[in-house]
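Shown below: work35.cif, with mmCIF, C-alpha atoms.
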```cif
data_entry
#
loop_
_atom_site.label_atom_id
_atom_site.label_comp_id
_atom_site.auth_asym_id
_atom_site.auth_seq_id
_atom_site.Cartn_x
_atom_site.Cartn_y
_atom_site.Cartn_z
CA MET A 1 120.55 16.40 -51.41
CA GLU A 2 118.18 13.52 -52.09
CA LEU A 3 116.43 10.90 -49.95
CA TYR A 4 115.71 7.59 -51.62
CA PRO A 5 114.04 4.78 -49.65
CA LEU A 6 115.51 1.44 -50.69
CA LYS A 7 112.99 -0.47 -48.61
CA SER A 8 110.36 0.66 -46.14
CA GLY A 9 107.93 -1.43 -44.14
CA SER A 10 107.47 -3.80 -41.24
CA LYS A 11 109.85 -6.35 -42.81
CA GLY A 12 112.80 -4.04 -43.35
CA ASN A 13 113.88 -0.44 -43.67
CA SER A 14 116.76 1.33 -45.37
CA CYS A 15 117.02 4.79 -46.89
CA LEU A 16 119.80 6.30 -48.99
CA VAL A 17 120.63 9.95 -48.33
CA TYR A 18 123.05 11.38 -50.85
CA THR A 19 124.73 14.40 -52.34
CA LYS A 20 127.19 14.53 -55.23
CA ASN A 21 130.03 13.62 -52.86
CA THR A 22 128.48 11.71 -49.95
CA LYS A 23 126.18 8.68 -49.77
CA ILE A 24 124.81 7.44 -46.45
CA LEU A 25 122.41 4.67 -45.51
CA VAL A 26 119.92 5.33 -42.76
CA ASP A 27 119.53 1.84 -41.29
CA CYS A 28 119.86 -1.44 -43.15
CA GLY A 29 117.07 -3.71 -42.00
CA ILE A 30 117.30 -5.88 -45.10
CA SER A 31 119.90 -8.44 -46.10
CA GLY A 32 123.24 -7.29 -47.43
CA LYS A 33 122.39 -8.77 -50.83
CA ALA A 34 119.01 -7.03 -50.94
CA ALA A 35 120.64 -3.72 -50.03
CA SER A 36 123.35 -4.17 -52.67
CA ASP A 37 120.77 -5.09 -55.30
CA ALA A 38 118.57 -2.10 -54.42
CA LEU A 39 121.55 0.24 -54.62
CA SER A 40 122.67 -1.19 -57.97
CA GLN A 41 119.23 -0.51 -59.41
CA ILE A 42 119.83 3.21 -58.92
CA GLY A 43 123.44 3.10 -60.06
CA VAL A 44 125.13 3.14 -56.66
CA ALA A 45 127.80 0.63 -55.66
CA PRO A 46 127.92 -0.33 -51.96
CA ASP A 47 131.60 0.63 -51.76
CA GLU A 48 130.60 4.19 -52.66
CA LEU A 49 128.81 4.52 -49.33
CA SER A 50 130.32 6.81 -46.71
CA GLY A 51 128.67 4.98 -43.82
CA ILE A 52 125.49 3.79 -42.13
CA VAL A 53 123.61 5.72 -39.46
CA VAL A 54 121.35 3.64 -37.21
CA THR A 55 118.09 4.87 -35.71
CA HIS A 56 117.57 1.98 -33.24
CA GLU A 57 118.31 -1.67 -32.66
CA HIS A 58 115.15 -3.41 -33.88
CA THR A 59 115.82 -6.12 -36.46
CA ASP A 60 113.88 -4.42 -39.26
CA HIS A 61 116.46 -1.61 -39.04
CA ILE A 62 119.77 -3.44 -38.47
CA LYS A 63 119.53 -6.85 -40.18
CA GLY A 64 122.17 -6.07 -42.82
CA VAL A 65 124.25 -3.48 -40.97
CA GLY A 66 127.02 -5.82 -39.85
CA ILE A 67 127.25 -7.58 -43.20
CA LEU A 68 127.68 -4.35 -45.16
CA ALA A 69 130.07 -2.88 -42.60
CA ARG A 70 132.35 -5.92 -42.74
CA ARG A 71 132.18 -6.43 -46.50
CA TYR A 72 132.79 -2.81 -47.49
CA LYS A 73 134.55 -1.49 -44.36
CA LEU A 74 131.78 1.02 -43.74
CA PRO A 75 131.66 3.22 -40.63
CA VAL A 76 128.52 2.63 -38.56
CA TYR A 77 127.17 5.54 -36.51
CA ALA A 78 124.88 5.08 -33.49
CA ASN A 79 124.51 6.50 -30.01
CA ALA A 80 126.04 4.61 -27.10
CA LYS A 81 122.80 3.00 -25.87
CA THR A 82 121.86 1.81 -29.32
CA TRP A 83 125.34 0.39 -29.86
CA GLU A 84 125.11 -1.58 -26.65
CA ALA A 85 121.64 -2.87 -27.57
CA MET A 86 122.55 -3.95 -31.10
CA ARG A 87 126.14 -5.14 -30.56
CA GLY A 88 125.19 -8.79 -30.19
CA SER A 89 122.95 -8.74 -33.26
CA ILE A 90 125.21 -7.24 -35.91
CA GLY A 91 128.32 -9.31 -35.21
CA LYS A 92 131.91 -8.19 -34.87
CA ILE A 93 132.98 -5.25 -37.00
CA SER A 94 136.32 -3.49 -37.15
CA ASP A 95 136.97 -1.05 -34.30
CA SER A 96 137.73 1.60 -36.91
CA CYS A 97 134.17 1.25 -38.21
CA VAL A 98 132.55 1.79 -34.81
CA LYS A 99 131.42 5.41 -34.59
CA VAL A 100 129.63 6.16 -31.33
CA PHE A 101 128.09 9.56 -30.77
CA ASP A 102 126.81 10.99 -27.52
CA GLY A 103 123.03 11.18 -27.14
CA VAL A 104 121.72 13.43 -29.89
CA SER A 105 124.98 15.26 -30.58
CA SER A 106 125.46 16.55 -34.12
CA PHE A 107 128.20 15.19 -36.36
CA SER A 108 129.12 15.26 -40.02
CA VAL A 109 129.98 12.72 -42.72
CA GLY A 110 131.50 14.13 -45.87
CA ASP A 111 129.55 17.22 -46.87
CA LEU A 112 126.47 16.25 -44.85
CA GLY A 113 125.75 17.67 -41.43
CA ILE A 114 123.76 15.16 -39.38
CA LYS A 115 121.57 16.01 -36.39
CA PRO A 116 119.94 13.14 -34.46
CA PHE A 117 116.73 13.83 -32.56
CA ASP A 118 114.84 11.83 -29.94
CA ILE A 119 111.82 9.83 -31.07
CA PRO A 120 109.23 8.11 -28.84
CA HIS A 121 109.63 4.39 -29.52
CA ASP A 122 110.18 1.24 -27.45
CA ALA A 123 113.93 0.89 -27.99
CA ALA A 124 117.08 1.71 -25.99
CA MET A 125 117.57 5.28 -27.27
CA PRO A 126 115.84 5.64 -30.64
CA VAL A 127 116.50 8.64 -32.86
CA GLY A 128 115.50 10.13 -36.17
CA TYR A 129 117.94 12.10 -38.29
CA CYS A 130 118.03 15.49 -39.99
CA PHE A 131 120.53 16.01 -42.80
CA ASP A 132 121.90 19.36 -44.00
CA ASP A 133 124.03 19.83 -47.12
CA GLY A 134 124.39 23.56 -46.60
CA ILE A 135 121.59 24.33 -49.05
CA GLU A 136 118.60 22.41 -47.76
CA ARG A 137 117.58 19.96 -45.07
CA GLY A 138 115.93 16.56 -45.14
CA ALA A 139 114.78 14.16 -42.43
CA VAL A 140 113.99 10.53 -41.72
CA ALA A 141 111.28 10.36 -39.05
CA THR A 142 109.75 6.91 -38.56
CA ASP A 143 109.03 4.49 -35.67
CA MET A 144 107.25 6.97 -33.44
CA GLY A 145 104.28 6.47 -31.17
CA VAL A 146 103.38 10.16 -31.29
CA LEU A 147 104.53 13.30 -33.07
CA THR A 148 106.04 15.24 -30.21
CA GLU A 149 106.81 18.95 -30.22
CA GLU A 150 110.48 18.02 -30.12
CA VAL A 151 110.16 15.94 -33.29
CA MET A 152 108.26 18.67 -35.11
CA ARG A 153 110.85 21.26 -34.12
CA ALA A 154 113.58 18.96 -35.44
CA ILE A 155 112.01 18.21 -38.82
CA GLY A 156 110.12 21.47 -39.36
CA GLY A 157 111.62 23.39 -42.25
CA CYS A 158 113.04 20.31 -43.95
CA LYS A 159 112.37 20.25 -47.69
CA THR A 160 112.05 16.46 -47.80
CA VAL A 161 110.75 14.23 -45.01
CA LEU A 162 110.37 10.46 -44.88
CA LEU A 163 107.44 10.31 -42.45
CA GLU A 164 105.95 7.23 -40.84
CA SER A 165 102.42 6.25 -41.85
CA ASN A 166 102.37 2.78 -40.35
CA HIS A 167 98.78 1.69 -39.99
CA ASP A 168 95.13 2.37 -40.59
CA ILE A 169 93.56 2.42 -37.15
CA ASN A 170 90.42 0.52 -38.24
CA MET A 171 92.43 -2.20 -39.95
CA LEU A 172 94.61 -2.55 -36.87
CA GLU A 173 91.70 -2.74 -34.43
CA THR A 174 89.75 -5.31 -36.48
CA GLY A 175 92.77 -7.29 -37.67
CA SER A 176 94.32 -10.52 -36.49
CA TYR A 177 97.05 -9.14 -34.23
CA PRO A 178 96.79 -10.11 -30.54
CA TYR A 179 95.44 -7.45 -28.21
CA SER A 180 98.83 -6.77 -26.61
CA LEU A 181 100.47 -6.10 -29.98
CA LYS A 182 97.65 -3.82 -31.05
CA GLN A 183 98.08 -1.84 -27.84
CA ARG A 184 101.83 -1.60 -28.40
CA ILE A 185 101.41 -0.29 -31.94
CA LYS A 186 98.77 2.25 -30.89
CA GLY A 187 100.70 3.31 -27.79
CA SER A 188 102.89 6.33 -27.23
CA LEU A 189 106.02 4.26 -27.96
CA GLY A 190 104.60 2.46 -30.98
CA HIS A 191 103.92 3.64 -34.52
CA LEU A 192 102.10 6.49 -36.25
CA SER A 193 98.72 5.91 -37.90
CA ASN A 194 97.75 7.29 -41.28
CA ASP A 195 95.57 9.90 -39.56
CA THR A 196 98.42 11.11 -37.36
CA ALA A 197 100.75 11.17 -40.36
CA ALA A 198 98.20 13.35 -42.14
CA LYS A 199 98.22 15.86 -39.30
CA GLY A 200 102.00 15.86 -39.31
CA ALA A 201 102.10 16.31 -43.07
CA GLU A 202 99.85 19.35 -42.85
CA LEU A 203 102.14 20.97 -40.29
CA LEU A 204 105.23 20.11 -42.31
CA VAL A 205 103.83 21.72 -45.46
CA LYS A 206 103.04 24.87 -43.51
CA MET A 207 106.63 24.80 -42.19
CA GLY A 208 108.13 24.61 -45.67
CA ALA A 209 108.19 20.95 -46.71
CA GLU A 210 108.14 20.39 -50.46
CA ARG A 211 108.25 16.59 -50.53
CA ILE A 212 106.80 14.06 -48.10
CA ILE A 213 107.41 10.34 -48.46
CA LEU A 214 105.11 8.15 -46.37
CA GLY A 215 106.97 5.16 -45.01
CA HIS A 216 107.18 2.17 -42.66
CA LEU A 217 103.75 0.89 -43.76
CA SER A 218 102.48 -2.24 -42.06
CA GLU A 219 101.84 -5.08 -44.50
CA GLU A 220 99.07 -6.36 -42.23
CA ASN A 221 97.32 -3.13 -41.26
CA ASN A 222 97.81 -0.76 -44.17
CA PHE A 223 98.40 -0.54 -47.90
CA PRO A 224 99.99 2.18 -50.03
CA ALA A 225 96.85 3.54 -51.71
CA LEU A 226 95.07 3.86 -48.37
CA ALA A 227 97.95 5.70 -46.70
CA TYR A 228 98.28 8.02 -49.69
CA GLU A 229 94.57 8.82 -49.97
CA THR A 230 94.18 9.34 -46.21
CA VAL A 231 96.95 11.92 -46.15
CA LYS A 232 95.99 13.47 -49.49
CA SER A 233 92.36 13.92 -48.40
CA ALA A 234 93.32 15.42 -45.04
CA LEU A 235 95.67 17.86 -46.73
CA ALA A 236 92.95 18.85 -49.19
CA CYS A 237 90.64 19.72 -46.30
CA SER A 238 93.25 22.29 -45.28
CA GLY A 239 93.56 23.64 -48.81
CA ILE A 240 96.81 21.82 -49.54
CA VAL A 241 96.79 20.02 -52.90
CA ALA A 242 99.10 17.05 -53.43
CA GLY A 243 100.94 17.46 -56.70
CA ARG A 244 100.64 21.24 -56.53
CA ASP A 245 101.61 22.32 -53.04
CA ILE A 246 103.47 19.19 -51.99
CA ALA A 247 105.02 16.19 -53.71
CA LEU A 248 103.46 13.24 -51.87
CA SER A 249 104.51 9.62 -52.35
CA VAL A 250 104.64 6.28 -50.57
CA ALA A 251 107.76 4.19 -49.96
CA VAL A 252 107.36 0.41 -50.06
#
```
Structure rendered as structure tokens:
Amino acid sequence: MELYPLKSGSKGNSCLVYTKNTKILVDCGISGKAASDALSQIGVAPDELSGIVVTHEHTDHIKGVGILARRYKLPVYANAKTWEAMRGSIGKISDSCVKVFDGVSSFSVGDLGIKPFDIPHDAAMPVGYCFDDGIERGAVATDMGVLTEEVMRAIGGCKTVLLESNHDINMLETGSYPYSLKQRIKGSLGHLSNDTAAKGAELLVKMGAERIILGHLSEENNFPALAYETVKSALACSGIVAGRDIALSVAV
């Protein structure tokens, strides 16, 4: 099983999770054309997709969901509250493509077992996802105000984790965002800072992670080299060497 971020950041998010037989998008917060182009660059045709799983209804996660679902007759999976919240934004899709699951109930698509888990974010019922191909597990864990014990239990033991590293706290505090937006981002239902991501990365390595991809970086309050070096340096302080003990990268 592989996780491949097609796009990650404040302007749009989409991640391909795939095995030999099953290909799933986690969110599509970019245009249908951008998603198709990104897939083609790695040799995947959109009609090869087995479906789209949605974490929550914010635009940077659902912008292209309806377009892809209609064009390629793709099933779209989301919990009931998220469906209700995003229904008016994605447009009409075929009833056969509407796949509603209850809360954080597990389900499967092809040869992938999928386990949603609650995340603390300001949306109707936001979730992250763990994927299991029967050999190893991977997870997409972004858009979180804090790393809760529940989240860590869900993603602990995953070999690959796409982990949020949204902002540098100093850049956020001294930047141009209005006070209310800064408070939202820093709040318990906002987004993870580089420093918090570093703490999470350390725990994940100790729990068996072999690859961590830092994602959902703010274009205003972060940049890839800063996120990478912040996490790399924090790991080194705990004796964990990036490139030796963990494959560390940044999705953009």
Review point. Given the file above and the PyMOL selection byres ((chain A and resi 169-185) around 8), which residues are selected, and can you give them as an MDAnalysis selection string?
Key: chainID A and resid 145 167:168 186:187 189:191 193:194 220:222
Review point. Could you pull the residues within 9 Å of Tyr72 in chain A, counting all atoms listed in the file, minus those fewer than 6 positions along the same chain, as a VMD selection string?
Key: chain A and resid 46 to 49
Check your understanding: Of the candidates A:Met86, A:Leu163, A:Cys130, A:Ile93, which shows the shortest atom-to-atom distance to Gly215 in chain A, using only C-alpha atoms?
Key ->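 Of the candidates, the smallest distance to Gly215 in chain A is held by A:Leu163.
Counting only C-alpha atoms and comparing A:Phe117, A:Phe101, A:Tyr129, A:Tyr4, the residue that lies closest to Ser249 in chain A is A:Tyr4.
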Write out as JSON an axis-aligned box for range 77-88 of chain A: all of its atoms listed in the file, 8 Å added on each side, centre and edge lengths in Å with one decimal.
```
{"center_x": 124.4, "center_y": -1.1, "center_z": -31.2, "size_x": 21.5, "size_y": 31.3, "size_z": 26.6}
```
Practice item. Find the residue from A:Ser50, A:Arg70, A:Gly110, A:Thr142 that sits nearest to Gly200 in chain A; use all atoms listed in the file when measuring. Key: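 For Gly200 in chain A, the nearest of the candidates is A:Thr142.
Near Phe131 in chain A, within 6 Å and counting only C-alpha atoms, sit A:Gly113, A:Ile114, A:Arg137, A:Gly138, not including residues fewer than 5 positions from it in the same chain.
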Exercise for review: List, as a count of residues only, every residue that the PyMOL selection byres ((chain A and resi 81) around 10) selects in the file provided.
Suggested key: 19
Study note, to complete from the structure: Across A:Glu149, A:Glu202, A:Asp95, A:Glu164, the smallest distance to Cys237 in chain A, with all atoms listed in the file counted, is shown by A:Glu202
Exercise for review: Please write the residues picked by the PyMOL selection byres ((chain A and resi 24-41) around 7) on this file as a PyMOL selection string.
Suggested key: chain A and resi 6+12-18+22-23+42-46+49-55+59-65+67-68
Check your understanding: Between CA of Ile135 in chain A and CA of Ala69 in chain A, what is the spacing in Å?
Key ->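 Result for CA of Ala69 in chain A versus CA of Ile135 in chain A: 29.2 Å, one decimal.
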Review point. Excluding same-chain residues fewer than 5 positions from Thr196 in chain A, what lies within 8 Å of it counting only C-alpha atoms, as a list in words?
Key: Val146, Leu147 and Ser165 of chain A
At the level of N, CA, C and O atoms, write range 141-178 of chain A to a file as a tab-separated table (two decimals), in the first residue's frame, please.
```
chain	number	residue	atom	x	y	z
A	141	ALA	N	-3.94	12.05	8.49
A	141	ALA	CA	-4.32	12.72	9.74
A	141	ALA	C	-3.96	14.20	9.65
A	141	ALA	O	-2.87	14.61	10.04
A	142	THR	N	-4.88	14.99	9.08
A	142	THR	CA	-4.66	16.42	8.97
A	142	THR	C	-5.89	17.16	9.50
A	142	THR	O	-6.88	16.56	9.88
A	143	ASP	N	-5.80	18.50	9.53
A	143	ASP	CA	-6.90	19.36	9.99
A	143	ASP	C	-7.30	19.04	11.42
A	143	ASP	O	-8.45	18.69	11.70
A	144	MET	N	-6.34	19.18	12.30
A	144	MET	CA	-6.59	18.90	13.72
A	144	MET	C	-6.05	20.03	14.58
A	144	MET	O	-4.94	20.51	14.36
A	145	GLY	N	-6.84	20.44	15.55
A	145	GLY	CA	-6.37	21.48	16.46
A	145	GLY	C	-5.37	20.95	17.47
A	145	GLY	O	-4.44	21.66	17.87
A	146	VAL	N	-5.54	19.71	17.87
A	146	VAL	CA	-4.64	19.05	18.82
A	146	VAL	C	-4.50	17.59	18.43
A	146	VAL	O	-5.35	17.02	17.75
A	147	LEU	N	-3.42	16.98	18.91
A	147	LEU	CA	-3.24	15.53	18.73
A	147	LEU	C	-3.81	14.85	19.97
A	147	LEU	O	-3.16	14.77	21.00
A	148	THR	N	-5.01	14.36	19.85
A	148	THR	CA	-5.67	13.73	20.99
A	148	THR	C	-5.17	12.30	21.18
A	148	THR	O	-4.57	11.69	20.28
A	149	GLU	N	-5.45	11.75	22.35
A	149	GLU	CA	-5.10	10.35	22.61
A	149	GLU	C	-5.83	9.44	21.63
A	149	GLU	O	-5.28	8.43	21.17
A	150	GLU	N	-7.06	9.80	21.30
A	150	GLU	CA	-7.84	9.01	20.36
A	150	GLU	C	-7.18	8.97	18.99
A	150	GLU	O	-7.11	7.91	18.34
A	151	VAL	N	-6.69	10.12	18.53
A	151	VAL	CA	-6.01	10.16	17.24
A	151	VAL	C	-4.74	9.31	17.27
A	151	VAL	O	-4.48	8.52	16.36
A	152	MET	N	-3.97	9.46	18.33
A	152	MET	CA	-2.72	8.71	18.41
A	152	MET	C	-2.97	7.21	18.49
A	152	MET	O	-2.21	6.41	17.92
A	153	ARG	N	-4.02	6.81	19.17
A	153	ARG	CA	-4.35	5.39	19.20
A	153	ARG	C	-4.73	4.89	17.81
A	153	ARG	O	-4.40	3.76	17.42
A	154	ALA	N	-5.42	5.75	17.05
A	154	ALA	CA	-5.88	5.35	15.72
A	154	ALA	C	-4.72	5.21	14.74
A	154	ALA	O	-4.68	4.26	13.95
A	155	ILE	N	-3.77	6.14	14.78
A	155	ILE	CA	-2.70	6.13	13.78
A	155	ILE	C	-1.42	5.48	14.27
A	155	ILE	O	-0.51	5.22	13.48
A	156	GLY	N	-1.32	5.20	15.57
A	156	GLY	CA	-0.15	4.53	16.10
A	156	GLY	C	0.01	3.15	15.48
A	156	GLY	O	-0.96	2.41	15.36
A	157	GLY	N	1.20	2.82	15.07
A	157	GLY	CA	1.44	1.54	14.43
A	157	GLY	C	1.34	1.56	12.93
A	157	GLY	O	1.69	0.59	12.26
A	158	CYS	N	0.86	2.68	12.37
A	158	CYS	CA	0.81	2.80	10.91
A	158	CYS	C	2.22	2.99	10.36
A	158	CYS	O	3.03	3.73	10.93
A	159	LYS	N	2.53	2.33	9.26
A	159	LYS	CA	3.85	2.44	8.66
A	159	LYS	C	4.05	3.79	7.98
A	159	LYS	O	5.14	4.36	8.00
A	160	THR	N	2.98	4.30	7.36
A	160	THR	CA	3.05	5.59	6.68
A	160	THR	C	1.95	6.49	7.21
A	160	THR	O	0.80	6.06	7.32
A	161	VAL	N	2.29	7.74	7.53
A	161	VAL	CA	1.31	8.70	8.03
A	161	VAL	C	1.50	10.04	7.32
A	161	VAL	O	2.60	10.58	7.28
A	162	LEU	N	0.42	10.54	6.73
A	162	LEU	CA	0.38	11.92	6.27
A	162	LEU	C	-0.10	12.75	7.45
A	162	LEU	O	-1.26	12.66	7.86
A	163	LEU	N	0.80	13.53	8.03
A	163	LEU	CA	0.55	14.24	9.29
A	163	LEU	C	0.58	15.75	9.07
A	163	LEU	O	1.49	16.28	8.44
A	164	GLU	N	-0.42	16.41	9.62
A	164	GLU	CA	-0.49	17.87	9.46
A	164	GLU	C	0.68	18.57	10.14
A	164	GLU	O	1.08	18.23	11.26
A	165	SER	N	1.24	19.56	9.42
A	165	SER	CA	2.25	20.46	9.97
A	165	SER	C	1.95	21.83	9.38
A	165	SER	O	2.67	22.35	8.54
A	166	ASN	N	0.86	22.42	9.85
A	166	ASN	CA	0.24	23.55	9.15
A	166	ASN	C	1.00	24.86	9.23
A	166	ASN	O	1.17	25.55	8.23
A	167	HIS	N	1.47	25.21	10.42
A	167	HIS	CA	2.02	26.55	10.57
A	167	HIS	C	3.19	26.60	11.55
A	167	HIS	O	3.32	25.76	12.43
A	168	ASP	N	4.01	27.60	11.34
A	168	ASP	CA	5.02	27.98	12.33
A	168	ASP	C	4.37	28.99	13.25
A	168	ASP	O	3.81	30.00	12.79
A	169	ILE	N	4.41	28.74	14.54
A	169	ILE	CA	3.65	29.57	15.47
A	169	ILE	C	4.13	31.03	15.44
A	169	ILE	O	3.31	31.96	15.53
A	170	ASN	N	5.43	31.27	15.28
A	170	ASN	CA	5.92	32.65	15.25
A	170	ASN	C	5.48	33.36	13.98
A	170	ASN	O	5.11	34.54	14.02
A	171	MET	N	5.50	32.66	12.86
A	171	MET	CA	5.02	33.28	11.62
A	171	MET	C	3.54	33.61	11.72
A	171	MET	O	3.10	34.66	11.24
A	172	LEU	N	2.78	32.71	12.32
A	172	LEU	CA	1.35	32.96	12.47
A	172	LEU	C	1.09	34.18	13.35
A	172	LEU	O	0.31	35.06	12.99
A	173	GLU	N	1.76	34.23	14.48
A	173	GLU	CA	1.49	35.30	15.46
A	173	GLU	C	1.93	36.67	14.96
A	173	GLU	O	1.33	37.68	15.31
A	174	THR	N	2.96	36.72	14.12
A	174	THR	CA	3.46	38.02	13.63
A	174	THR	C	2.98	38.32	12.22
A	174	THR	O	3.30	39.38	11.67
A	175	GLY	N	2.20	37.42	11.64
A	175	GLY	CA	1.74	37.59	10.27
A	175	GLY	C	0.54	38.50	10.12
A	175	GLY	O	0.08	39.12	11.08
A	176	SER	N	0.01	38.54	8.92
A	176	SER	CA	-1.02	39.51	8.56
A	176	SER	C	-2.45	39.05	8.83
A	176	SER	O	-3.40	39.81	8.64
A	177	TYR	N	-2.64	37.80	9.26
A	177	TYR	CA	-3.99	37.33	9.51
A	177	TYR	C	-4.67	38.14	10.61
A	177	TYR	O	-4.00	38.55	11.58
A	178	PRO	N	-5.97	38.35	10.53
A	178	PRO	CA	-6.68	39.02	11.62
A	178	PRO	C	-6.63	38.17	12.89
A	178	PRO	O	-6.47	36.95	12.83
```
